[in-house]
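Input: a single structure, listed below in structure tokens.
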Amino acid sequence: MAFFLMLLQTLIALALVCGLAYAFFRWAMPRLLTWNAGRRMVRVVDRLPLDARRSLYVVEVAGQWFLIGASEAGVHLVSELDGEAAAAAARSLDEPTGASTARSSFQERLVRLANRKEV
């Protein structure tokens, strides 16, 4: 009988720990991560993985927009983007679209932003 009582106590303690972990990861952790997000100077707007070790990032830093390449060799500035056009493109990513309206891909927007900066 003592064995079953200890087993029951262990199972109750395990359920309590699992419940607390679930509550923490479900409610507390997302709030902690977004609490300071509005006051940051650097914001990663979008990421395009090219392969397992290389990616392109669109980053906003204090109102300026940059296209950054990251690989195992390091991080490199690819281009500075037009702030107004990049902000408009970022807003259009957040807008809901209908099923008939297809979103343009990140690559197409990137080409448009790079071309606007050169003009």
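Starting from 1 in every chain, residues are counted up; chains themselves are A, B, ... following the order of the structure tokens, and ligands are numbered from 1 as listed.
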| task | With a distance cut-off of 10 Å and only C-alpha atoms, select the neighbouring residues of stretch 80-85 of chain A, excluding the residue or stretch itself and same-chain residues fewer than 5 positions from it, and output the selection as a VMD selection string. | result | chain A and resid 58 to 60 63 to 68 90 to 91 109 to 110 112 to 118
| task | Report as number ranges by chain: the residues of stretch 8-114 of chain A with a DSSP assignment of strand (DSSP E), based on the backbone of this structure. | result | A: 42-49, 55-61, 64-71, 74-81
| task | From a DSSP pass on the backbone, collect the residues of stretch 2-116 of chain A flagged as helix (DSSP H, G or I) and hand them back as a ChimeraX atom specification. | result | /A:2-35,37-39,83-94,106-116
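When only C-alpha atoms are used to compute distances to A:Arg47, the closest of the residues A:Cys18, A:Met29, A:Ala70, A:Val61 turns out to be A:Ala70.
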| request: One decimal, Å: what's the distance from atom CA of A:Leu48 over to atom CA of A:Gly69, could you say? | output: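 Atom CA of A:Gly69 lies at a distance of 9.6 Å from atom CA of A:Leu48.
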| task | Quick one: everything within 12 Å of A:Leu50, counting only C-alpha atoms, minus sequence neighbours fewer than 6 positions away in the same chain. Send it as a count of residues only. | result | 7
